[in-house]
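Colleague: The structure is given below, and queries will be raised subsequently.
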Amino acid sequence: MLEQSQTRVLTCIQCGKCTGGCPEAGKTPFNIRMLVRKRQFKSSIDENIPWYCTSCGACTIRCPRDVKPSEMIIEMRSSFVEDGDIPVSIQKALENTSVQRNPWGRSRAKRGAWVEKLGFEVPHVSETTSKRLLFTCCIQAYDPRCMVIPVNVATILNKGGLEFGILGEEEACCGNEIRRIGESGLFEELQEENIAAFKEYGVQEIITLSPHCMNTLKKEYGELGIKVTHYTEIVAEMIKEGKIVPKAPYAKKVIYHDPCFLGKQNGIFDEPRSILKAIDGLELLEFSRSRETSLCCEGGGGRMFCEVETTYQRNSEVRVIEAIEKGAEVMATSCPFCVMTLEDPATEKGLAVKELSEILMEVI
Amino acid sequence: MSYALIIAEVRRGVFEERNLDTLGICALLGKETVLLMPDKPYTFNENMYDTIIKAKTEEEVFLNPLNIAGIIEQVISARGKPDFIILTHSSSGSESAVYMAGLFSLPVVTDVSGYDKERNIFFKSYYSDKIFGEFKSSQEGTCILTVRSGSFKEFVGEKASAPKVEFIENVSVSEARTFVEYVEEEKTDIDITKAEFLLSVGRGIGNKDEIPDYEALAGLLKAVLSGSRPVIDKLWLPKARQVGTSGKTVKPKVYLAMGISGAFQHIAGMKDSDCIIAVNKDAEAPIFQYAHFGIVADIHKVRDKLKNILAG
Amino acid sequence: MNLLVFTKRVPATQEEELRIVDDGKAVDLSKVPFKVNDWDNYAVEEAVQIAEKTGGTVTAISIGDKESDEVLRRAIAMGAKDGFLIEKEEILHDPGVRAALVNNFLKKEGIAYDAIFTGVQSEDDQFAAVGGILAAKLGIPYASMVIGIDAVEKDHLIARRELEGGLQERVKITSPCVLAIQSGINEPRYVSIMGIRKASKVERKTYKGADYSENANNSIEVVRWVYPPKKGAATMLTGELDEVCKQLLGVLKEKGVYQ
């Protein structure tokens, strides 16, 4: 785990690059540069403020002094967590995760139930020769809207002839959001539980469906000797090799929204685009803020479970408005949280939001 | 003689409707019904009971478990032990029932919602109502029951003759617990998690101008108005009224959802409500999968019609 | 004020599909995760808050198998001074037995207290009975559905009880007493995993349930377990608008939310 320390905070020169890139700055009371300043002087802060952070990581990426402001936020939240004084909806998500190993508190026993929607059998990872694991992710295992993502990706990988297995009810929440909420003890529990399962079944490779899972499995689980990828990397390669062939045309203008945890935090910009470009008739559009500067949808860092105090125009709405102005008919993305946050204003304004696999399923 | 002693649930001069359920189970049990109540004027059909014993005391004294036990001792010394002592599964009913069970060392089964006469078995819900236990008393003698509201009222009927009325003259009053006053729940700061009846509106209401009409409907129904995320996001309702994962988790007795399609995050915040009623124009809306009752209709028309009926 | 508070480890069945096994003799809970009983969580929080205010201590007590130590650790993490486990392997379905065990335990061990808190009911058996039976056996006053404690005095408390339809009653109750705490009385603090780990260092005492079984005999028994009648799809109210609305009002009346 990354360690944030007072010495790091003290190196801050208050240049404001963090605030300059922050998706919450200006429109909410959240001012990351100011928070770092207050931290330098150890002065008190309004306890509601740290919960605005979406953990998009822009501040940490842009910081010229490596202060890691987004990690400082996690530390601040940690002290609220240890004091037991956190927003009720966040508390609920943590307690649910503690009991059922997913923040929604759905039955752990039903975590693998999504495979019933497939037309073929998916083995337990221990029964595969490749020991290649498809890591489902909580929201995609339970939410009917997001469940299409594992169903689609499993179908696509299967078509491409790639062997993989699942952990089913033995998979626990990856803990990416839990760590960012500041519950480090629970994060460690989840991490230990998942690592124990990976080791027991000799997992060699993990294909993740959510960029959030990928991020933590890849960067925060320590050295496991397991290759962790996002499915778009695998599928882009399979298309290149001709193992998956998009046959049908898709004559639509599609704009691609980079998820923060896939794009700016993990540098996966080209693979999703190469998949879209391989589709006949599809015209790929770009946002004015794309790739490294993509505007956060505000679904990360615990914000899926917590409503902030103030009301303002949501970034998802800003995104939808721009997409429509650019003439897009479909907004594509590759993260379940982005789908959830973007779809709300999009439906209202008559724009379709699709996870990449949904478009792919229509053409192969 | 074999009889069942029914402890009336009364409150501020009202003989509660739930008393029909305690009477109903007596009809199934086939016991002579003896009703015990405070000697105050209450409006109800006395002819449904064989005997009515009126204790000359204040209602608040009667509703106190420490006092009711003494009153029952007097009944028993006069009539012998009943086969059953039956109360409503209400705040005061269950409180008195279990205290008596401890005091008289009697078996107690609470929240009874069914009875199998042939096998002499009481049904009681377990594990979030997912399983029922078939219970019976393992000893001879009196058994105490509290019954779930709405479970037995269909079995009540009138007796051939008017009830015998008896009185208990002297009731001793405990000093260990005394009634101070009634308090109406504060209405200023609305807490949707504490409401028994929520009228919840979603994106389907269309625009902000519709809100006052739904507020009016909620007022007529004595319901509290809440909303799903889109409604809150657009500032049509304040944040404190939001139901869902990122808002509040609610478990009212009735959740009336109008124009809410039932997004996963919303469902997570209300699915444990006792009764969910969904009104939506889209018959395919996911909320119907979780609802107990559904109406496929234009929500504004339903609203206006309800307001009409309620006002008229 | 020194308080005893009861806390129970219960199966989290809300989301589970439960199976009845052994010809109706048992419910399979082997795959179900366990948690603290929600009402007890409120009771512990209330006890801790009162102890903090009045300068007393809180002792958490649980009846159950060894695993129930988990809810004691949790209570300690919330602010309880110590925890006692009355160990009992089998599930006790008669609240009278639980109350008798506790009654014997408190008397035999000579445990002093100013008040005993329980949750109104437990999520698994929904009996809402142990507190009241115990109070009667101890010969002390009882109040259930306590949704507020307005005053804590030397020899009494003022408690607010939740009644029906948004009404509450304020009662004066002498101490020692048993109060059954209703959910919503407070906002229980979050207990972090780190907090629970720290609490593990506080010693908890274990007592054998068998040593306190005098007169703790079953007075009721479960003959078998059955599934409730299946809840089908939503009952659709159909017909003319006027008709549909009247049906809707009928449902509201039946559920007791509209007169």
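Each chain in the structure tokens gets a letter, A, B and so on, in the order shown; residues start at 1 in every chain, and ligands are counted from 1 in the order they appear.
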Excluding segment 324-331 of chain A and any residue of its chain fewer than 5 positions from it, enumerate the residues within 6 Å of it, using only C-alpha atoms, and give them as a compact mmCIF listing (two decimals) with N, CA and C atoms, in the first residue's frame.

Modeller:
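That gives us selection_24.txt:
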# COMPACT_ATOMS: atom_id res chain seq x y z
N LYS A 253 -22.45 7.26 -34.86
CA LYS A 253 -21.40 8.12 -34.33
C LYS A 253 -21.27 7.82 -32.84
N VAL A 254 -20.08 7.33 -32.47
CA VAL A 254 -19.85 6.90 -31.09
C VAL A 254 -18.77 7.77 -30.47
N ILE A 255 -19.07 8.28 -29.29
CA ILE A 255 -18.06 9.07 -28.58
C ILE A 255 -17.58 8.24 -27.40
N TYR A 256 -16.27 8.20 -27.19
CA TYR A 256 -15.73 7.34 -26.13
C TYR A 256 -15.33 8.15 -24.91
N ALA A 352 -27.87 7.25 -25.97
CA ALA A 352 -27.63 5.89 -25.48
C ALA A 352 -26.24 5.81 -24.86
N VAL A 353 -26.14 5.12 -23.70
CA VAL A 353 -24.83 4.86 -23.10
C VAL A 353 -24.58 3.37 -23.21

Colleague: Determine, for each residue of chain A having at least one atom at most 10 Å from an atom of chain B, the closest pair of atoms and their separation in Å to one decimal, counting only C-alpha atoms; order by chain and ascending number, as a tab-separated table.

Modeller:
residue	atom	partner	partner_atom	distance
A:Pro87	CA	B:Ser246	CA	10.0
A:Val88	CA	B:Lys248	CA	8.1
A:Ser89	CA	B:Ser246	CA	6.0
A:Ile90	CA	B:Ser246	CA	8.2
A:Lys92	CA	B:Thr245	CA	8.7
A:Ala93	CA	B:Thr245	CA	8.3
A:Pro103	CA	B:Thr245	CA	9.6
A:Trp104	CA	B:Ala268	CA	7.3
A:Gly105	CA	B:Ala268	CA	8.8
A:Arg106	CA	B:Ala268	CA	9.1
A:Ile139	CA	B:Phe264	CA	9.7
A:Tyr142	CA	B:Phe264	CA	8.8
A:Asp143	CA	B:Phe264	CA	5.9
A:Pro144	CA	B:Phe264	CA	7.3
A:Arg145	CA	B:Phe264	CA	7.9
A:Cys146	CA	B:Phe264	CA	9.7
A:Gly302	CA	B:Ser246	CA	9.7
A:Arg303	CA	B:Ser246	CA	7.9
A:Met304	CA	B:Ser246	CA	6.5
A:Phe305	CA	B:Ser246	CA	4.5
A:Cys306	CA	B:Ser246	CA	4.6
A:Glu307	CA	B:Ser246	CA	5.4
A:Val308	CA	B:Ser246	CA	9.1
A:Glu309	CA	B:Lys239	CA	7.8
A:Thr310	CA	B:Lys239	CA	9.0
A:Thr311	CA	B:Asp233	CA	7.1
A:Tyr312	CA	B:Asp233	CA	8.4
A:Gln313	CA	B:Asp233	CA	8.7
A:Arg314	CA	B:Asp233	CA	8.5
A:Met340	CA	B:Gln265	CA	9.6
A:Asp344	CA	B:Pro230	CA	7.5
A:Pro345	CA	B:Pro230	CA	8.4
A:Glu348	CA	B:Arg203	CA	9.0

Colleague: Which residues, written as a tab-separated table (two decimals) with N, CA and C atoms, in the first residue's frame, have at least one atom at most 7 Å from Phe34 of chain C, with only C-alpha atoms counted and residues fewer than 6 positions away on the same chain left out?

Modeller:
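For reference, result-v8.tsv as written:
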chain	number	residue	atom	x	y	z
A	99	VAL	N	-19.93	-8.09	5.82
A	99	VAL	CA	-20.77	-9.28	5.98
A	99	VAL	C	-20.83	-10.12	4.70
C	9	ARG	N	-25.25	-12.69	18.06
C	9	ARG	CA	-24.74	-12.92	16.71
C	9	ARG	C	-25.81	-13.68	15.94
C	10	VAL	N	-26.25	-13.09	14.83
C	10	VAL	CA	-27.39	-13.68	14.10
C	10	VAL	C	-27.03	-13.91	12.63
C	11	PRO	N	-27.69	-14.87	11.99
C	11	PRO	CA	-27.45	-15.05	10.56
C	11	PRO	C	-28.04	-13.88	9.77
C	12	ALA	N	-27.29	-13.41	8.77
C	12	ALA	CA	-27.78	-12.31	7.93
C	12	ALA	C	-28.61	-12.94	6.82

Colleague: Write out as a list of chain:residue names every residue belonging to chain C that has an atom at most 8 Å from any atom of chain A, counting only C-alpha atoms.

Modeller: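 Here is what falls inside 8 Å: C:Ala12, C:Glu15, C:Glu16, C:Lys31, C:Pro33, C:Phe34, C:Lys35, C:Arg189, C:Tyr190, C:Val191, C:Ser192, C:Ile193, C:Met194, C:Gly195.
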
Colleague: Please write the residues from the selection above to a file, keeping C-alpha atoms, as a short mmCIF file (atom, residue, chain, number, x, y, z; two decimals), in the first residue's frame.

Modeller:
data_model
loop_
_atom_site.label_atom_id
_atom_site.label_comp_id
_atom_site.auth_asym_id
_atom_site.auth_seq_id
_atom_site.Cartn_x
_atom_site.Cartn_y
_atom_site.Cartn_z
CA ALA C 12 -27.78 -12.31 7.93
CA GLU C 15 -30.62 -11.63 1.13
CA GLU C 16 -30.44 -15.40 1.35
CA LYS C 31 -23.64 -20.82 3.88
CA PRO C 33 -22.86 -15.04 6.83
CA PHE C 34 -23.39 -13.87 10.40
CA LYS C 35 -23.54 -10.39 11.88
CA ARG C 189 -21.02 4.50 15.23
CA TYR C 190 -19.07 2.65 12.56
CA VAL C 191 -16.80 -0.01 13.97
CA SER C 192 -13.68 -0.38 11.87
CA ILE C 193 -11.82 -3.64 11.39
CA MET C 194 -8.81 -2.01 13.07
CA GLY C 195 -11.04 -1.09 16.00
#

Colleague: Run DSSP on the backbone and grab whatever in segment 110-328 of chain A lands in strand (DSSP E or B); send it over as a PyMOL selection string.

Modeller: chain A and resi 124+132-135+165-166+205-208+227-230+253-256+283-285

Colleague: Hey, what's within 10 Å of Pro41 of chain B if we count only C-alpha atoms and toss same-chain stuff fewer than 3 positions away? As a list in words, please?

Modeller: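 Counting only the stated atoms, we get Gly13, Val14, Phe15, Pro38 and Phe44 of chain B.
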
Colleague: Can you pull out the residues contacting segment 58-70 of chain B? Cut-off 6 Å, using only C-alpha atoms, and skip same-chain residues under 2 positions away; I want them as a count of residues only.

Modeller: 5

Colleague: Would you kindly return, as number ranges by chain, each protein, DNA or RNA residue with an atom no farther than 8 Å from any atom of Val130 of chain C, considering only C-alpha atoms and excluding same-chain residues fewer than 2 positions away?

Modeller: B: 98; C: 95-96, 98-99, 127-128, 132-134

Colleague: Check the smallest atom-to-atom distance from each of B:Lys222, B:Lys305, B:Lys153, B:Lys194 to Gln182 of chain C using only C-alpha atoms, then report the winner.

Modeller: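 Nearest to Gln182 of chain C: B:Lys194.
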
Colleague: Residues of segment 47-151 of chain C that approach segment 204-215 of chain C to 12 Å or less, counting only C-alpha atoms: could you list each one with the shortest pair of atoms and its distance in Å to one decimal, rows by chain and increasing residue number, as CSV?

Modeller:
residue,atom,partner,partner_atom,distance
C:Thr59,CA,C:Arg204,CA,10.0
C:Ala60,CA,C:Arg204,CA,9.4
C:Ile61,CA,C:Lys205,CA,9.6
C:Ser62,CA,C:Thr206,CA,9.7
C:Ile63,CA,C:Gly209,CA,8.0
C:Gly64,CA,C:Gly209,CA,8.8
C:Asp65,CA,C:Gly209,CA,9.8
C:Lys66,CA,C:Thr206,CA,8.8
C:Glu67,CA,C:Thr206,CA,11.6
C:Ser68,CA,C:Thr206,CA,10.5
C:Asp69,CA,C:Arg204,CA,7.9
C:Glu70,CA,C:Arg204,CA,10.5
C:Val71,CA,C:Arg204,CA,11.1
C:Leu72,CA,C:Arg204,CA,7.7
C:Arg73,CA,C:Arg204,CA,8.2
C:Arg74,CA,C:Arg204,CA,11.6
C:Ala75,CA,C:Arg204,CA,11.1
C:Ile76,CA,C:Arg204,CA,9.4
C:Ala80,CA,C:Arg204,CA,11.0
C:Lys81,CA,C:Arg204,CA,9.7
C:Asp82,CA,C:Arg204,CA,6.1
C:Gly83,CA,C:Arg204,CA,4.9
C:Phe84,CA,C:Lys205,CA,4.9
C:Leu85,CA,C:Thr206,CA,4.7
C:Ile86,CA,C:Tyr207,CA,4.9
C:Glu87,CA,C:Gly209,CA,5.0
C:Lys88,CA,C:Gly209,CA,5.3
C:Glu89,CA,C:Gly209,CA,8.7
C:Glu90,CA,C:Gly209,CA,10.4
C:Leu92,CA,C:Gly209,CA,11.4
C:Gly96,CA,C:Asn215,CA,9.7
C:Val97,CA,C:Asn215,CA,8.2
C:Arg98,CA,C:Ser213,CA,9.5
C:Ala99,CA,C:Asn215,CA,10.4
C:Ala100,CA,C:Asn215,CA,6.8
C:Leu101,CA,C:Tyr212,CA,5.5
C:Val102,CA,C:Tyr212,CA,7.8
C:Asn103,CA,C:Tyr212,CA,8.5
C:Asn104,CA,C:Tyr212,CA,5.4
C:Phe105,CA,C:Tyr212,CA,5.8
C:Leu106,CA,C:Tyr212,CA,9.4
C:Lys107,CA,C:Tyr212,CA,9.7
C:Lys108,CA,C:Tyr212,CA,8.0
C:Glu109,CA,C:Tyr212,CA,10.0
C:Lys137,CA,C:Asn215,CA,11.6

Colleague: Save out the residues we just selected, C-alpha atoms, as a PDB file, in the first residue's frame.

Modeller:
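Result file is result10.pdb:
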ATOM      1  CA  THR C  59     -20.516  -4.797  30.026  1.00  0.00           C
ATOM      2  CA  ALA C  60     -21.607  -6.705  26.948  1.00  0.00           C
ATOM      3  CA  ILE C  61     -23.113 -10.162  27.395  1.00  0.00           C
ATOM      4  CA  SER C  62     -23.862 -12.707  24.702  1.00  0.00           C
ATOM      5  CA  ILE C  63     -25.448 -16.137  24.785  1.00  0.00           C
ATOM      6  CA  GLY C  64     -24.288 -18.365  21.976  1.00  0.00           C
ATOM      7  CA  ASP C  65     -21.524 -20.514  20.571  1.00  0.00           C
ATOM      8  CA  LYS C  66     -17.821 -19.611  20.584  1.00  0.00           C
ATOM      9  CA  GLU C  67     -18.231 -17.521  17.440  1.00  0.00           C
ATOM     10  CA  SER C  68     -20.391 -15.106  19.402  1.00  0.00           C
ATOM     11  CA  ASP C  69     -17.167 -13.702  20.817  1.00  0.00           C
ATOM     12  CA  GLU C  70     -17.182 -11.648  17.615  1.00  0.00           C
ATOM     13  CA  VAL C  71     -20.124  -9.510  18.788  1.00  0.00           C
ATOM     14  CA  LEU C  72     -18.468  -9.007  22.183  1.00  0.00           C
ATOM     15  CA  ARG C  73     -15.310  -7.712  20.482  1.00  0.00           C
ATOM     16  CA  ARG C  74     -17.507  -5.435  18.447  1.00  0.00           C
ATOM     17  CA  ALA C  75     -19.246  -4.080  21.557  1.00  0.00           C
ATOM     18  CA  ILE C  76     -15.869  -3.468  23.189  1.00  0.00           C
ATOM     19  CA  ALA C  80     -17.918  -1.477  26.341  1.00  0.00           C
ATOM     20  CA  LYS C  81     -15.464  -2.156  29.175  1.00  0.00           C
ATOM     21  CA  ASP C  82     -15.596  -5.942  28.939  1.00  0.00           C
ATOM     22  CA  GLY C  83     -17.612  -8.856  27.621  1.00  0.00           C
ATOM     23  CA  PHE C  84     -19.083 -12.088  28.974  1.00  0.00           C
ATOM     24  CA  LEU C  85     -19.987 -15.066  26.818  1.00  0.00           C
ATOM     25  CA  ILE C  86     -22.505 -17.537  28.193  1.00  0.00           C
ATOM     26  CA  GLU C  87     -21.568 -20.416  25.981  1.00  0.00           C
ATOM     27  CA  LYS C  88     -24.334 -22.536  24.546  1.00  0.00           C
ATOM     28  CA  GLU C  89     -23.759 -24.579  21.415  1.00  0.00           C
ATOM     29  CA  GLU C  90     -27.335 -25.253  20.362  1.00  0.00           C
ATOM     30  CA  LEU C  92     -32.272 -21.702  21.833  1.00  0.00           C
ATOM     31  CA  GLY C  96     -37.891 -18.294  28.337  1.00  0.00           C
ATOM     32  CA  VAL C  97     -34.781 -20.473  28.333  1.00  0.00           C
ATOM     33  CA  ARG C  98     -32.520 -17.586  27.364  1.00  0.00           C
ATOM     34  CA  ALA C  99     -34.026 -15.401  30.077  1.00  0.00           C
ATOM     35  CA  ALA C 100     -33.681 -18.173  32.694  1.00  0.00           C
ATOM     36  CA  LEU C 101     -30.014 -18.676  31.788  1.00  0.00           C
ATOM     37  CA  VAL C 102     -29.296 -14.982  32.203  1.00  0.00           C
ATOM     38  CA  ASN C 103     -31.306 -14.751  35.416  1.00  0.00           C
ATOM     39  CA  ASN C 104     -29.294 -17.622  36.926  1.00  0.00           C
ATOM     40  CA  PHE C 105     -26.041 -16.208  35.610  1.00  0.00           C
ATOM     41  CA  LEU C 106     -26.556 -12.717  37.042  1.00  0.00           C
ATOM     42  CA  LYS C 107     -27.577 -14.061  40.445  1.00  0.00           C
ATOM     43  CA  LYS C 108     -24.940 -16.787  40.704  1.00  0.00           C
ATOM     44  CA  GLU C 109     -22.096 -14.521  39.614  1.00  0.00           C
ATOM     45  CA  LYS C 137     -37.791 -12.923  36.816  1.00  0.00           C
TER      46      LYS C 137
END

Colleague: My list of candidates is B:Ile131, B:Gly206, B:Glu184, B:Asn308. Which is closest to Arg19 of chain C when distances are computed with only C-alpha atoms?

Modeller: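 Residue with the minimum atom-to-atom distance to Arg19 of chain C: B:Ile131.
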
Colleague: What's the 12 Å shell around Glu17 of chain B, counting only C-alpha atoms, without same-chain residues fewer than 2 positions away, as JSON, numbers by chain?

Modeller: {"B": [8, 9, 10, 11, 14, 15, 19, 20, 21, 22, 23, 24, 42, 43, 44, 45, 88, 90, 149, 150, 152, 153], "C": [253, 254, 255, 256, 259]}
